[in-house]
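Participant: Starting off with a structure, shown below.
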Amino acid sequence: MGKSLFPIVFILCLFGSANADGIPMLDYKQSEAFRAWFVRIIAEQLRQGPWPRWFQRDCAGLVRFAVYETFKPHDEAWLRANSISDRHLPREVILSPDQKIISESWRQIRSDERSAYASAIVIIQENSRFVSKDMNQALPGDLLFFDQGDDQHLMIWMGSYIAYHTGRETEKNTGLRKYSLDDFMNWKDTRWQPRFDNPNFIGVCRFSFLMP
């Protein structure tokens, strides 16, 4: 969750090896590998509970953590530490030297500065691009952005369900949730329905470093 300080402005990125801000983009194979690891790491948080090194546990924190872990080398030590089998693993996301900036920091609002921290609105406004309000256009690893006025919220499309962190947790409640798209389309609180006619649903967004 975060405070809305600026109007949402989506920058559509050009096809190519760099986005509109000159930041290198992943190619198609790298993007595919990124998506596979990103959703796998989030799925493991749902299955196992939050990994201890995930400290900032809210909706944006889940996204930042999964991105950071996706770009790590998933060697034997990493797999063992995270109780993940070495069977059926995605290919690694191998970055070139000029792509390393993608894994190291997030572009900040209205500046050339980059930081390891990014709120929900910063992730969307400065590090993602708008795709559609049509969920049929979403790919695994895409973000769903909801703006409730003073608060914003991120969810992740996992390919067959939606995952997110509520921003609240207790000893008995991790704050992690997963629901089917049908559940959300019929959610009692209509502010959270990912529909065209819901003004609180800004739409499906995609990391700006990924190929469309």
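Labels used: A, B, ... for chains in the order of the structure tokens, numbers from 1 for residues in each chain, and numbers from 1 for ligands as shown.
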Hey, what's within 9 Å of Leu95 in chain A if we count only C-alpha atoms and toss same-chain stuff fewer than 4 positions away? As a list in words, please?

Facilitator: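 My reading of the contact set: Leu26, Gln30, Phe71, Gln99, Lys100, Ile102 and Ser103 of chain A.
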
Participant: Just write the chosen residues, C-alpha atoms, as a PDB file, in the first residue's frame.

Facilitator:
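Printed below is selection38.pdb as written:
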```
ATOM      1  CA  LEU A  26      15.328  -8.400 -21.579  1.00  0.00           C
ATOM      2  CA  GLN A  30      15.111 -13.799 -21.026  1.00  0.00           C
ATOM      3  CA  PHE A  71      17.571 -12.430 -10.862  1.00  0.00           C
ATOM      4  CA  GLN A  99      21.370  -5.263 -18.208  1.00  0.00           C
ATOM      5  CA  LYS A 100      22.606  -5.586 -14.622  1.00  0.00           C
ATOM      6  CA  ILE A 102      17.564  -3.994 -14.165  1.00  0.00           C
ATOM      7  CA  SER A 103      18.217  -6.349 -11.259  1.00  0.00           C
TER       8      SER A 103
END
```

Participant: DSSP on the backbone, then: every residue of range 10-205 of chain A marked alpha helix (DSSP H), written as a PyMOL selection string.

Facilitator: chain A and resi 28-48+59-70+76-81+100-104+120-127+181-185

Participant: Please list as a ChimeraX atom specification every residue within 9 Å of Leu181 in chain A, counting only C-alpha atoms and excluding residues in the same chain fewer than 5 positions away.

Facilitator: /A:135,157,160-162,186,194

Participant: Please provide the set of residues having any atom within 12 Å of Arg191 in chain A, restricted to only C-alpha atoms, with same-chain residues fewer than 4 positions apart removed, written as number ranges by chain.

Facilitator: A: 145-149, 152-153, 184-187, 195-202

Participant: Go through A:Arg107, A:Ser180, A:Thr70, A:Ala81 and flag the residue nearest Trp51 in chain A, using only C-alpha atoms for the distances.

Facilitator: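 Checking each candidate against Trp51 in chain A, we get A:Ala81 as the closest.
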
Participant: Could you name the residues that touch Lys29 in chain A at 12 Å or less, counting only C-alpha atoms, but leaving out those on the same chain fewer than 3 positions away, as a PyMOL selection string?

Facilitator: chain A and resi 25-26+32-36+90-95+210-212
